[in-house]
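Structure below is target.pdb: PDB, C-alpha atoms.
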ATOM      1  CA  MET N1244     -12.084  17.159  11.750  1.00  0.00           C
ATOM      2  CA  SER N1245     -11.303  17.741  15.383  1.00  0.00           C
ATOM      3  CA  ALA N1246     -13.705  19.688  17.559  1.00  0.00           C
ATOM      4  CA  GLY N1247     -12.835  23.336  17.792  1.00  0.00           C
ATOM      5  CA  ALA N1248     -10.833  23.364  14.582  1.00  0.00           C
ATOM      6  CA  ALA N1249     -13.398  25.276  12.634  1.00  0.00           C
ATOM      7  CA  ARG N1250     -12.923  24.805   8.935  1.00  0.00           C
ATOM      8  CA  THR N1251     -14.621  26.696   6.204  1.00  0.00           C
ATOM      9  CA  ALA N1252     -15.046  25.320   2.718  1.00  0.00           C
ATOM     10  CA  THR N1253     -12.270  26.488   0.452  1.00  0.00           C
ATOM     11  CA  ALA N1254     -11.914  26.315  -3.286  1.00  0.00           C
ATOM     12  CA  VAL N1255      -9.128  27.603  -5.481  1.00  0.00           C
ATOM     13  CA  THR N1256      -9.116  27.411  -9.248  1.00  0.00           C
ATOM     14  CA  VAL N1257      -5.973  27.884 -11.281  1.00  0.00           C
ATOM     15  CA  THR N1258      -6.019  27.971 -15.042  1.00  0.00           C
ATOM     16  CA  ILE N1259      -2.735  27.638 -16.857  1.00  0.00           C
ATOM     17  CA  ALA N1260      -1.642  27.915 -20.446  1.00  0.00           C
ATOM     18  CA  ARG N1261      -0.089  24.916 -22.144  1.00  0.00           C
ATOM     19  CA  ASP N1262       3.361  25.510 -20.780  1.00  0.00           C
ATOM     20  CA  PRO N1263       5.077  22.751 -18.772  1.00  0.00           C
ATOM     21  CA  ALA N1264       6.873  25.451 -16.774  1.00  0.00           C
ATOM     22  CA  LEU N1265       3.538  26.376 -15.200  1.00  0.00           C
ATOM     23  CA  VAL N1266       2.867  22.929 -13.728  1.00  0.00           C
ATOM     24  CA  ARG N1267       5.109  23.896 -10.840  1.00  0.00           C
ATOM     25  CA  THR N1268       2.762  26.769 -10.051  1.00  0.00           C
ATOM     26  CA  VAL N1269      -0.133  24.321  -9.834  1.00  0.00           C
ATOM     27  CA  ARG N1270       1.868  22.140  -7.446  1.00  0.00           C
ATOM     28  CA  LEU N1271       2.634  25.105  -5.216  1.00  0.00           C
ATOM     29  CA  VAL N1272      -1.024  26.093  -5.040  1.00  0.00           C
ATOM     30  CA  ALA N1273      -2.115  22.502  -4.404  1.00  0.00           C
ATOM     31  CA  ALA N1274       0.399  22.137  -1.580  1.00  0.00           C
ATOM     32  CA  SER N1275      -0.667  25.439  -0.095  1.00  0.00           C
ATOM     33  CA  VAL N1276      -4.333  24.428  -0.019  1.00  0.00           C
ATOM     34  CA  ALA N1277      -3.453  20.957   1.299  1.00  0.00           C
ATOM     35  CA  ARG N1278      -1.559  22.519   4.207  1.00  0.00           C
ATOM     36  CA  ARG N1279      -4.725  24.325   5.259  1.00  0.00           C
ATOM     37  CA  THR N1280      -6.264  20.959   6.126  1.00  0.00           C
ATOM     38  CA  ASN N1281      -3.795  20.627   9.004  1.00  0.00           C
ATOM     39  CA  LYS N1282      -2.820  17.144   7.883  1.00  0.00           C
ATOM     40  CA  ASP N1283       0.783  15.992   7.868  1.00  0.00           C
ATOM     41  CA  GLU N1284       3.478  16.747   5.290  1.00  0.00           C
ATOM     42  CA  GLU N1285       3.177  13.279   3.761  1.00  0.00           C
ATOM     43  CA  PHE N1286      -0.385  14.141   2.840  1.00  0.00           C
ATOM     44  CA  VAL N1287       0.661  17.532   1.459  1.00  0.00           C
ATOM     45  CA  GLU N1288       3.354  15.854  -0.615  1.00  0.00           C
ATOM     46  CA  GLU N1289       0.878  13.346  -2.052  1.00  0.00           C
ATOM     47  CA  VAL N1290      -1.538  16.093  -3.083  1.00  0.00           C
ATOM     48  CA  ARG N1291       1.327  18.106  -4.584  1.00  0.00           C
ATOM     49  CA  LEU N1292       2.526  15.138  -6.620  1.00  0.00           C
ATOM     50  CA  ALA N1293      -0.978  14.133  -7.730  1.00  0.00           C
ATOM     51  CA  ALA N1294      -1.972  17.624  -8.842  1.00  0.00           C
ATOM     52  CA  GLY N1295       1.253  18.051 -10.794  1.00  0.00           C
ATOM     53  CA  GLU N1296       1.069  14.616 -12.400  1.00  0.00           C
ATOM     54  CA  ALA N1297      -2.541  15.060 -13.498  1.00  0.00           C
ATOM     55  CA  CYS N1298      -1.787  18.494 -14.869  1.00  0.00           C
ATOM     56  CA  ALA N1299       1.332  17.333 -16.713  1.00  0.00           C
ATOM     57  CA  LEU N1300      -0.569  14.384 -18.159  1.00  0.00           C
ATOM     58  CA  LEU N1301      -3.329  16.528 -19.585  1.00  0.00           C
ATOM     59  CA  LEU N1302      -0.804  19.004 -20.958  1.00  0.00           C
ATOM     60  CA  GLY N1303       1.293  16.253 -22.466  1.00  0.00           C
ATOM     61  CA  GLN N1304      -1.628  14.356 -23.926  1.00  0.00           C
ATOM     62  CA  SER N1305      -2.826  17.345 -25.807  1.00  0.00           C
ATOM     63  CA  PHE N1306       0.639  18.214 -27.033  1.00  0.00           C
ATOM     64  CA  ALA N1307       1.077  14.696 -28.365  1.00  0.00           C
ATOM     65  CA  ASP N1308      -2.317  14.610 -29.951  1.00  0.00           C
ATOM     66  CA  GLY N1309      -1.799  17.825 -31.827  1.00  0.00           C
ATOM     67  CA  SER N1310      -5.503  18.364 -32.349  1.00  0.00           C
ATOM     68  CA  VAL N1311      -5.896  20.817 -29.477  1.00  0.00           C
ATOM     69  CA  ALA N1312      -5.123  24.449 -30.033  1.00  0.00           C
ATOM     70  CA  PRO N1313      -1.848  25.491 -28.344  1.00  0.00           C
ATOM     71  CA  GLY N1314      -3.654  28.097 -26.287  1.00  0.00           C
ATOM     72  CA  GLU N1315      -6.184  25.684 -24.846  1.00  0.00           C
ATOM     73  CA  PRO N1316      -5.853  26.031 -21.064  1.00  0.00           C
ATOM     74  CA  VAL N1317      -5.826  23.411 -18.327  1.00  0.00           C
ATOM     75  CA  ALA N1318      -7.977  24.210 -15.314  1.00  0.00           C
ATOM     76  CA  VAL N1319      -7.197  22.903 -11.851  1.00  0.00           C
ATOM     77  CA  ARG N1320      -9.751  23.217  -9.074  1.00  0.00           C
ATOM     78  CA  ILE N1321      -8.668  22.399  -5.554  1.00  0.00           C
ATOM     79  CA  SER N1322     -11.302  22.406  -2.866  1.00  0.00           C
ATOM     80  CA  PHE N1323     -11.803  21.077   0.593  1.00  0.00           C
ATOM     81  CA  ASN N1324     -14.582  20.648   3.049  1.00  0.00           C
ATOM     82  CA  ASP N1325     -15.104  17.081   4.235  1.00  0.00           C
ATOM     83  CA  THR N1326     -12.702  15.886   1.581  1.00  0.00           C
ATOM     84  CA  LEU N1327      -9.893  17.525  -0.304  1.00  0.00           C
ATOM     85  CA  ALA N1328     -10.641  17.319  -4.006  1.00  0.00           C
ATOM     86  CA  VAL N1329      -8.450  18.098  -6.993  1.00  0.00           C
ATOM     87  CA  ASP N1330     -10.112  18.264 -10.396  1.00  0.00           C
ATOM     88  CA  VAL N1331      -7.969  18.854 -13.454  1.00  0.00           C
ATOM     89  CA  SER N1332      -9.704  19.420 -16.754  1.00  0.00           C
ATOM     90  CA  THR N1333      -9.052  20.360 -20.316  1.00  0.00           C
ATOM     91  CA  SER N1334     -10.844  20.106 -23.617  1.00  0.00           C
ATOM     92  CA  GLY N1335      -9.944  17.981 -26.580  1.00  0.00           C
ATOM     93  CA  PRO N1336      -9.216  14.281 -26.922  1.00  0.00           C
ATOM     94  CA  VAL N1337      -7.286  12.781 -24.032  1.00  0.00           C
ATOM     95  CA  ASP N1338      -5.765   9.339 -23.880  1.00  0.00           C
ATOM     96  CA  VAL N1339      -6.234   8.136 -20.328  1.00  0.00           C
ATOM     97  CA  VAL N1340      -4.259   4.923 -20.404  1.00  0.00           C
ATOM     98  CA  ASP N1341      -0.555   4.195 -20.622  1.00  0.00           C
ATOM     99  CA  HIS N1342       0.715   2.835 -23.899  1.00  0.00           C
ATOM    100  CA  PRO N1343       3.792   0.650 -24.187  1.00  0.00           C
ATOM    101  CA  ASP N1344       5.109   2.822 -26.982  1.00  0.00           C
ATOM    102  CA  SER N1345       4.568   6.124 -25.189  1.00  0.00           C
ATOM    103  CA  ASP N1346       7.725   8.157 -24.776  1.00  0.00           C
ATOM    104  CA  VAL N1347       8.139   7.774 -21.043  1.00  0.00           C
ATOM    105  CA  ASP N1348      10.753   5.032 -21.060  1.00  0.00           C
ATOM    106  CA  GLY N1349       8.554   2.405 -19.500  1.00  0.00           C
ATOM    107  CA  VAL N1350       7.238   4.543 -16.674  1.00  0.00           C
ATOM    108  CA  GLU N1351       3.458   4.566 -16.568  1.00  0.00           C
ATOM    109  CA  PRO N1352       2.207   7.905 -15.283  1.00  0.00           C
ATOM    110  CA  TRP N1353      -1.461   6.945 -15.263  1.00  0.00           C
ATOM    111  CA  ALA N1354      -0.583   3.839 -13.289  1.00  0.00           C
ATOM    112  CA  LEU N1355       1.343   6.000 -10.834  1.00  0.00           C
ATOM    113  CA  LEU N1356      -1.679   8.205 -10.236  1.00  0.00           C
ATOM    114  CA  ARG N1357      -4.070   5.282  -9.934  1.00  0.00           C
ATOM    115  CA  GLY N1358      -1.680   3.606  -7.521  1.00  0.00           C
ATOM    116  CA  LEU N1359      -1.172   6.741  -5.487  1.00  0.00           C
ATOM    117  CA  ILE N1360      -4.775   7.884  -5.135  1.00  0.00           C
ATOM    118  CA  ASP N1361      -7.532   5.666  -3.752  1.00  0.00           C
ATOM    119  CA  ASP N1362     -10.308   7.881  -5.071  1.00  0.00           C
ATOM    120  CA  PHE N1363      -9.332   8.518  -8.665  1.00  0.00           C
ATOM    121  CA  SER N1364     -11.542   8.831 -11.717  1.00  0.00           C
ATOM    122  CA  VAL N1365     -11.530  10.221 -15.208  1.00  0.00           C
ATOM    123  CA  GLY N1366     -14.732  11.752 -16.518  1.00  0.00           C
ATOM    124  CA  GLN N1367     -15.794  12.901 -19.934  1.00  0.00           C
ATOM    125  CA  ASP N1368     -18.360  15.628 -20.468  1.00  0.00           C
ATOM    126  CA  GLY N1369     -18.658  16.418 -24.117  1.00  0.00           C
ATOM    127  CA  ASP N1370     -15.299  17.732 -25.196  1.00  0.00           C
ATOM    128  CA  VAL N1371     -13.979  18.174 -21.668  1.00  0.00           C
ATOM    129  CA  THR N1372     -11.957  15.537 -19.828  1.00  0.00           C
ATOM    130  CA  THR N1373     -11.628  15.838 -16.071  1.00  0.00           C
ATOM    131  CA  VAL N1374      -9.284  13.921 -13.806  1.00  0.00           C
ATOM    132  CA  SER N1375     -10.835  13.862 -10.343  1.00  0.00           C
ATOM    133  CA  MET N1376      -9.015  12.885  -7.186  1.00  0.00           C
ATOM    134  CA  SER N1377     -10.032  13.205  -3.577  1.00  0.00           C
ATOM    135  CA  TRP N1378      -8.800  12.425  -0.109  1.00  0.00           C
ATOM    136  CA  PRO N1379     -10.896  12.060   3.051  1.00  0.00           C
ATOM    137  CA  LEU N1380     -10.158  14.579   5.800  1.00  0.00           C
TER     138      LEU N1380
ATOM    139  CA  MET O1275      13.387  25.757  -7.137  1.00  0.00           C
ATOM    140  CA  ASP O1276      14.701  25.058 -10.613  1.00  0.00           C
ATOM    141  CA  LEU O1277      16.863  22.097 -11.530  1.00  0.00           C
ATOM    142  CA  SER O1278      20.585  22.179 -10.803  1.00  0.00           C
ATOM    143  CA  LEU O1279      23.101  19.703 -12.220  1.00  0.00           C
ATOM    144  CA  GLU O1280      26.719  19.325 -11.144  1.00  0.00           C
ATOM    145  CA  THR O1281      28.962  16.642 -12.553  1.00  0.00           C
ATOM    146  CA  ARG O1282      32.267  15.248 -11.320  1.00  0.00           C
ATOM    147  CA  HIS O1283      34.304  12.113 -11.757  1.00  0.00           C
ATOM    148  CA  GLU O1284      35.427   9.829  -8.956  1.00  0.00           C
ATOM    149  CA  ASP O1285      36.792   6.278  -8.859  1.00  0.00           C
ATOM    150  CA  GLY O1286      35.919   5.652 -12.486  1.00  0.00           C
ATOM    151  CA  HIS O1287      32.356   6.793 -11.964  1.00  0.00           C
ATOM    152  CA  THR O1288      30.586   9.934 -13.026  1.00  0.00           C
ATOM    153  CA  ILE O1289      28.570  11.504 -10.266  1.00  0.00           C
ATOM    154  CA  ILE O1290      25.711  13.823 -11.195  1.00  0.00           C
ATOM    155  CA  GLU O1291      24.507  15.841  -8.221  1.00  0.00           C
ATOM    156  CA  VAL O1292      20.938  16.870  -8.934  1.00  0.00           C
ATOM    157  CA  GLY O1293      19.128  19.557  -6.998  1.00  0.00           C
ATOM    158  CA  GLY O1294      15.683  21.118  -7.136  1.00  0.00           C
ATOM    159  CA  GLU O1295      12.694  19.750  -8.985  1.00  0.00           C
ATOM    160  CA  ILE O1296      12.723  17.066 -11.680  1.00  0.00           C
ATOM    161  CA  ASP O1297       9.413  17.441 -13.454  1.00  0.00           C
ATOM    162  CA  VAL O1298       7.776  17.687 -16.862  1.00  0.00           C
ATOM    163  CA  TYR O1299       9.532  21.020 -17.437  1.00  0.00           C
ATOM    164  CA  THR O1300      13.028  20.337 -16.140  1.00  0.00           C
ATOM    165  CA  ALA O1301      13.448  16.607 -16.833  1.00  0.00           C
ATOM    166  CA  PRO O1302      14.598  17.158 -20.442  1.00  0.00           C
ATOM    167  CA  ARG O1303      17.709  18.915 -19.073  1.00  0.00           C
ATOM    168  CA  LEU O1304      18.604  15.880 -16.993  1.00  0.00           C
ATOM    169  CA  ARG O1305      17.928  13.657 -20.006  1.00  0.00           C
ATOM    170  CA  ASP O1306      20.257  15.806 -22.122  1.00  0.00           C
ATOM    171  CA  LYS O1307      22.990  15.677 -19.478  1.00  0.00           C
ATOM    172  CA  ILE O1308      22.817  11.879 -19.232  1.00  0.00           C
ATOM    173  CA  THR O1309      22.791  11.552 -23.029  1.00  0.00           C
ATOM    174  CA  GLU O1310      25.825  13.835 -23.281  1.00  0.00           C
ATOM    175  CA  LEU O1311      27.760  11.908 -20.643  1.00  0.00           C
ATOM    176  CA  VAL O1312      27.004   8.551 -22.236  1.00  0.00           C
ATOM    177  CA  SER O1313      27.953   9.908 -25.671  1.00  0.00           C
ATOM    178  CA  ASP O1314      31.289  10.983 -24.163  1.00  0.00           C
ATOM    179  CA  GLY O1315      31.941   7.446 -22.960  1.00  0.00           C
ATOM    180  CA  ASN O1316      30.801   7.734 -19.347  1.00  0.00           C
ATOM    181  CA  TYR O1317      28.923   4.489 -18.772  1.00  0.00           C
ATOM    182  CA  ASN O1318      29.000   4.238 -14.982  1.00  0.00           C
ATOM    183  CA  LEU O1319      26.787   6.901 -13.525  1.00  0.00           C
ATOM    184  CA  VAL O1320      25.833   7.795  -9.987  1.00  0.00           C
ATOM    185  CA  ILE O1321      22.815  10.081  -9.723  1.00  0.00           C
ATOM    186  CA  ASP O1322      22.870  11.845  -6.379  1.00  0.00           C
ATOM    187  CA  MET O1323      19.304  12.936  -5.565  1.00  0.00           C
ATOM    188  CA  GLU O1324      19.869  14.069  -1.995  1.00  0.00           C
ATOM    189  CA  LYS O1325      19.038  17.668  -2.917  1.00  0.00           C
ATOM    190  CA  VAL O1326      16.033  16.840  -5.090  1.00  0.00           C
ATOM    191  CA  ASP O1327      12.842  18.416  -3.760  1.00  0.00           C
ATOM    192  CA  PHE O1328      10.439  16.862  -6.209  1.00  0.00           C
ATOM    193  CA  LEU O1329      10.304  14.007  -8.705  1.00  0.00           C
ATOM    194  CA  ASP O1330       7.449  13.148 -11.052  1.00  0.00           C
ATOM    195  CA  SER O1331       6.847  10.411 -13.605  1.00  0.00           C
ATOM    196  CA  THR O1332       8.647  12.370 -16.306  1.00  0.00           C
ATOM    197  CA  GLY O1333      11.739  12.408 -14.111  1.00  0.00           C
ATOM    198  CA  LEU O1334      11.386   8.694 -13.448  1.00  0.00           C
ATOM    199  CA  GLY O1335      11.175   8.158 -17.203  1.00  0.00           C
ATOM    200  CA  VAL O1336      14.437  10.018 -17.700  1.00  0.00           C
ATOM    201  CA  LEU O1337      16.141   7.860 -15.073  1.00  0.00           C
ATOM    202  CA  VAL O1338      14.848   4.649 -16.668  1.00  0.00           C
ATOM    203  CA  GLY O1339      15.970   5.941 -20.068  1.00  0.00           C
ATOM    204  CA  GLY O1340      19.413   6.658 -18.635  1.00  0.00           C
ATOM    205  CA  LEU O1341      19.609   3.181 -17.161  1.00  0.00           C
ATOM    206  CA  LYS O1342      18.825   1.677 -20.554  1.00  0.00           C
ATOM    207  CA  LYS O1343      21.522   3.809 -22.184  1.00  0.00           C
ATOM    208  CA  VAL O1344      24.312   2.798 -19.797  1.00  0.00           C
ATOM    209  CA  ARG O1345      23.275  -0.848 -19.807  1.00  0.00           C
ATOM    210  CA  ALA O1346      23.565  -0.842 -23.587  1.00  0.00           C
ATOM    211  CA  HIS O1347      27.275  -0.217 -22.956  1.00  0.00           C
ATOM    212  CA  ASP O1348      27.481  -2.719 -20.076  1.00  0.00           C
ATOM    213  CA  GLY O1349      27.535   0.221 -17.704  1.00  0.00           C
ATOM    214  CA  SER O1350      25.669   0.946 -14.501  1.00  0.00           C
ATOM    215  CA  MET O1351      23.510   3.578 -12.902  1.00  0.00           C
ATOM    216  CA  ARG O1352      23.240   3.943  -9.158  1.00  0.00           C
ATOM    217  CA  LEU O1353      20.901   6.307  -7.396  1.00  0.00           C
ATOM    218  CA  ILE O1354      21.488   8.066  -4.121  1.00  0.00           C
ATOM    219  CA  CYS O1355      18.257   8.817  -2.382  1.00  0.00           C
ATOM    220  CA  ASN O1356      17.324   8.752   1.258  1.00  0.00           C
ATOM    221  CA  GLN O1357      14.165  10.836   1.168  1.00  0.00           C
ATOM    222  CA  GLU O1358      11.099   8.808   2.003  1.00  0.00           C
ATOM    223  CA  ARG O1359       8.805  10.898  -0.207  1.00  0.00           C
ATOM    224  CA  LEU O1360      10.929  10.061  -3.257  1.00  0.00           C
ATOM    225  CA  LEU O1361      11.501   6.450  -2.276  1.00  0.00           C
ATOM    226  CA  LYS O1362       7.727   6.031  -2.057  1.00  0.00           C
ATOM    227  CA  ILE O1363       7.403   6.954  -5.743  1.00  0.00           C
ATOM    228  CA  PHE O1364      10.039   4.379  -6.673  1.00  0.00           C
ATOM    229  CA  ARG O1365       8.131   1.749  -4.699  1.00  0.00           C
ATOM    230  CA  ILE O1366       4.698   2.580  -6.174  1.00  0.00           C
ATOM    231  CA  THR O1367       6.043   2.339  -9.703  1.00  0.00           C
ATOM    232  CA  GLY O1368       7.989  -0.843  -9.008  1.00  0.00           C
ATOM    233  CA  LEU O1369      11.232   0.934  -9.869  1.00  0.00           C
ATOM    234  CA  ALA O1370      12.713   0.368  -6.413  1.00  0.00           C
ATOM    235  CA  LYS O1371      13.518  -3.126  -7.689  1.00  0.00           C
ATOM    236  CA  VAL O1372      14.979  -1.847 -10.952  1.00  0.00           C
ATOM    237  CA  PHE O1373      17.470   0.662  -9.569  1.00  0.00           C
ATOM    238  CA  ALA O1374      20.302   0.222  -7.124  1.00  0.00           C
ATOM    239  CA  ILE O1375      19.323   2.864  -4.577  1.00  0.00           C
ATOM    240  CA  HIS O1376      21.870   3.898  -1.976  1.00  0.00           C
ATOM    241  CA  SER O1377      21.605   6.213   0.999  1.00  0.00           C
ATOM    242  CA  SER O1378      24.851   8.143   0.437  1.00  0.00           C
ATOM    243  CA  GLN O1379      27.669   8.656  -2.061  1.00  0.00           C
ATOM    244  CA  ALA O1380      30.032   6.730   0.207  1.00  0.00           C
ATOM    245  CA  ASP O1381      27.594   3.839   0.263  1.00  0.00           C
ATOM    246  CA  ALA O1382      27.131   3.897  -3.521  1.00  0.00           C
ATOM    247  CA  LEU O1383      30.847   4.062  -4.294  1.00  0.00           C
ATOM    248  CA  ALA O1384      31.696   1.427  -1.668  1.00  0.00           C
ATOM    249  CA  ASP O1385      29.365  -1.044  -3.327  1.00  0.00           C
ATOM    250  CA  LEU O1386      31.286  -1.214  -6.592  1.00  0.00           C
TER     251      LEU O1386
END
Whole structure given in structure tokens:
Amino acid sequence: MSAGAARTATAVTVTIARDPALVRTVRLVAASVARRTNKDEEFVEEVRLAAGEACALLLGQSFADGSVAPGEPVAVRISFNDTLAVDVSTSGPVDVVDHPDSDVDGVEPWALLRGLIDDFSVGQDGDVTTVSMSWPL
Amino acid sequence: MDLSLETRHEDGHTIIEVGGEIDVYTAPRLRDKITELVSDGNYNLVIDMEKVDFLDSTGLGVLVGGLKKVRAHDGSMRLICNQERLLKIFRITGLAKVFAIHSSQADALADL
């Protein structure tokens, strides 16, 4: 952070229903928060893509699994201070690897996220799975 | 911005001009359009992505699926994309080597 560019810690949490149409809303919020870091548009674009991908993956996983109630929400927390962090979480079983027989025509979304984000992890706390990603500022 | 799809035929190829966002919500519409075109006998497709604002892995999956469909009929699929933010996604996923990616419609149609 450059001297004089005072930055206060910011955190925004968005919770969406299991509707793929709402992933776009998450991307818009993520991009908006990322722009507040004063980094370039390439950075904003990466955060936008990552937040949307993680969100879509957790939505899709639960749809495919069928064991999660349709109304189960996905929560996305975007925060920044010394780093910009995006945490996407939902409850229920989540498959966090790409399978050759998954219906994505050979594209591996988890591999895309892992390739895109240096600091990427998937955590499990009881029934809740959280995809955590962060970028240094 | 939602997804927009415009189709036209030129020089024996079918050009789909895509605009807006190709994501988990909108990608099925692009998949349906490609499926419809292939079912109607259009096996040489050009997907113009110049007006695409956003592309995620679901969208990439639809493009790969489309490529498989046209290749099953000895057809082809060319992409038009000159936006670095989209090209980066093709590179990360290794798909830059799978697709013929051109910078303009003139370039794509000239390389037939």
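All of the residues in chain O within 8 Å of chain N are Val1298, Tyr1299, Asp1330, Ser1331, Thr1332, Leu1334, Gly1335, Val1336, Val1338, Gly1339, Arg1359, Ile1363, Ile1366 and Thr1367 of chain O, where all atoms listed in the file were counted.
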Using C-alpha atoms, can you write the selected residues to a file as an mmCIF file, in the coordinates of the input?
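Saved result, again32.cif, follows:
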data_model
loop_
_atom_site.group_PDB
_atom_site.id
_atom_site.type_symbol
_atom_site.label_atom_id
_atom_site.label_comp_id
_atom_site.auth_asym_id
_atom_site.auth_seq_id
_atom_site.Cartn_x
_atom_site.Cartn_y
_atom_site.Cartn_z
ATOM 1 C CA VAL O 1298 7.776 17.687 -16.862
ATOM 2 C CA TYR O 1299 9.532 21.020 -17.437
ATOM 3 C CA ASP O 1330 7.449 13.148 -11.052
ATOM 4 C CA SER O 1331 6.847 10.411 -13.605
ATOM 5 C CA THR O 1332 8.647 12.370 -16.306
ATOM 6 C CA LEU O 1334 11.386 8.694 -13.448
ATOM 7 C CA GLY O 1335 11.175 8.158 -17.203
ATOM 8 C CA VAL O 1336 14.437 10.018 -17.700
ATOM 9 C CA VAL O 1338 14.848 4.649 -16.668
ATOM 10 C CA GLY O 1339 15.970 5.941 -20.068
ATOM 11 C CA ARG O 1359 8.805 10.898 -0.207
ATOM 12 C CA ILE O 1363 7.403 6.954 -5.743
ATOM 13 C CA ILE O 1366 4.698 2.580 -6.174
ATOM 14 C CA THR O 1367 6.043 2.339 -9.703
#
Work out how far apart atom CA of O:Lys1307 and atom CA of N:Arg1270 are and give it in Å to one decimal. 25.2 Å
One decimal, Å: what's the distance from atom CA of N:Thr1326 over to atom CA of N:Thr1258, could you say?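 According to the coordinates, atom CA of N:Thr1326 and atom CA of N:Thr1258 are separated by 21.6 Å.
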Could you tell me how far atom CA of N:Val1290 sits from atom CA of O:Cys1355, in Å to one decimal place?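 Atom CA of N:Val1290 lies at a distance of 21.1 Å from atom CA of O:Cys1355.
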Excluding same-chain residues fewer than 5 positions from N:Phe1323, what lies within 10 Å of it counting all atoms listed in the file, as a VMD selection string? chain N and resid 1250 to 1255 1276 to 1277 1279 to 1280 1328 to 1329 1377 to 1380
Might you pull out every residue within 7 Å of stretch 1369-1378 of chain O, with all atoms listed in the file counted and same-chain residues fewer than 5 positions away left off, and present them as a list in words? Arg1352, Leu1353, Ile1354, Cys1355, Asn1356 and Phe1364 of chain O
Next, the residues of the selection above should be written as a PDB file, in the coordinates of the input with C-alpha atoms.
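Output file selection-v3.pdb follows:
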ATOM      1  CA  ARG O1352      23.240   3.943  -9.158  1.00  0.00           C
ATOM      2  CA  LEU O1353      20.901   6.307  -7.396  1.00  0.00           C
ATOM      3  CA  ILE O1354      21.488   8.066  -4.121  1.00  0.00           C
ATOM      4  CA  CYS O1355      18.257   8.817  -2.382  1.00  0.00           C
ATOM      5  CA  ASN O1356      17.324   8.752   1.258  1.00  0.00           C
ATOM      6  CA  PHE O1364      10.039   4.379  -6.673  1.00  0.00           C
TER       7      PHE O1364
END
Identify which of the residues N:Asn1324, N:Ala1260, N:Val1269, N:Ala1294 lies closest to N:Ser1375, counting only C-alpha atoms when measuring atom-to-atom distances. N:Ala1294
Show me the residues close to (23.7, 19.7, -11.2) - anything with an atom within 10 Å, counting all atoms listed in the file - and format the list as a PyMOL selection string. chain O and resi 1277-1282+1289-1294+1303-1304+1307+1321-1323+1325
Give as a JSON list (two decimals) with C-alpha atoms, in the coordinates of the input the residues that the PyMOL selection byres ((chain N and resi 1331) around 8) matches when applied to the coordinates above.
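After the write, result.json holds the following:
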[["chain", "number", "residue", "atom", "x", "y", "z"],
["N", 1294, "ALA", "CA", -1.97, 17.62, -8.84],
["N", 1297, "ALA", "CA", -2.54, 15.06, -13.50],
["N", 1298, "CYS", "CA", -1.79, 18.49, -14.87],
["N", 1317, "VAL", "CA", -5.83, 23.41, -18.33],
["N", 1318, "ALA", "CA", -7.98, 24.21, -15.31],
["N", 1319, "VAL", "CA", -7.20, 22.90, -11.85],
["N", 1320, "ARG", "CA", -9.75, 23.22, -9.07],
["N", 1329, "VAL", "CA", -8.45, 18.10, -6.99],
["N", 1330, "ASP", "CA", -10.11, 18.26, -10.40],
["N", 1332, "SER", "CA", -9.70, 19.42, -16.75],
["N", 1333, "THR", "CA", -9.05, 20.36, -20.32],
["N", 1373, "THR", "CA", -11.63, 15.84, -16.07],
["N", 1374, "VAL", "CA", -9.28, 13.92, -13.81],
["N", 1375, "SER", "CA", -10.84, 13.86, -10.34]]
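Using all atoms listed in the file, the shortest contact distance between O:Gly1349 and any of O:Tyr1317, O:Val1326, O:Ala1382, O:Leu1361 is found at O:Tyr1317.
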Exactly which residues make up the result of the PyMOL selection byres ((chain N and resi 1368) around 12) on this file, given as an MDAnalysis selection string? chainID N and resid 1332:1337 1365:1367 1369:1374
Write a file of the just-selected residues containing C-alpha atoms, as an mmCIF file, in the coordinates of the input.
data_model
loop_
_atom_site.group_PDB
_atom_site.id
_atom_site.type_symbol
_atom_site.label_atom_id
_atom_site.label_comp_id
_atom_site.auth_asym_id
_atom_site.auth_seq_id
_atom_site.Cartn_x
_atom_site.Cartn_y
_atom_site.Cartn_z
ATOM 1 C CA SER N 1332 -9.704 19.420 -16.754
ATOM 2 C CA THR N 1333 -9.052 20.360 -20.316
ATOM 3 C CA SER N 1334 -10.844 20.106 -23.617
ATOM 4 C CA GLY N 1335 -9.944 17.981 -26.580
ATOM 5 C CA PRO N 1336 -9.216 14.281 -26.922
ATOM 6 C CA VAL N 1337 -7.286 12.781 -24.032
ATOM 7 C CA VAL N 1365 -11.530 10.221 -15.208
ATOM 8 C CA GLY N 1366 -14.732 11.752 -16.518
ATOM 9 C CA GLN N 1367 -15.794 12.901 -19.934
ATOM 10 C CA GLY N 1369 -18.658 16.418 -24.117
ATOM 11 C CA ASP N 1370 -15.299 17.732 -25.196
ATOM 12 C CA VAL N 1371 -13.979 18.174 -21.668
ATOM 13 C CA THR N 1372 -11.957 15.537 -19.828
ATOM 14 C CA THR N 1373 -11.628 15.838 -16.071
ATOM 15 C CA VAL N 1374 -9.284 13.921 -13.806
#
How would you write, as a PDB file with C-alpha atoms, keeping the file's coordinate frame, the residues chosen by the PyMOL selection byres ((chain O and resi 1351) around 6) on this structure?
ATOM      1  CA  ASN O1318      29.000   4.238 -14.982  1.00  0.00           C
ATOM      2  CA  LEU O1319      26.787   6.901 -13.525  1.00  0.00           C
ATOM      3  CA  VAL O1320      25.833   7.795  -9.987  1.00  0.00           C
ATOM      4  CA  LEU O1341      19.609   3.181 -17.161  1.00  0.00           C
ATOM      5  CA  SER O1350      25.669   0.946 -14.501  1.00  0.00           C
ATOM      6  CA  ARG O1352      23.240   3.943  -9.158  1.00  0.00           C
TER       7      ARG O1352
END
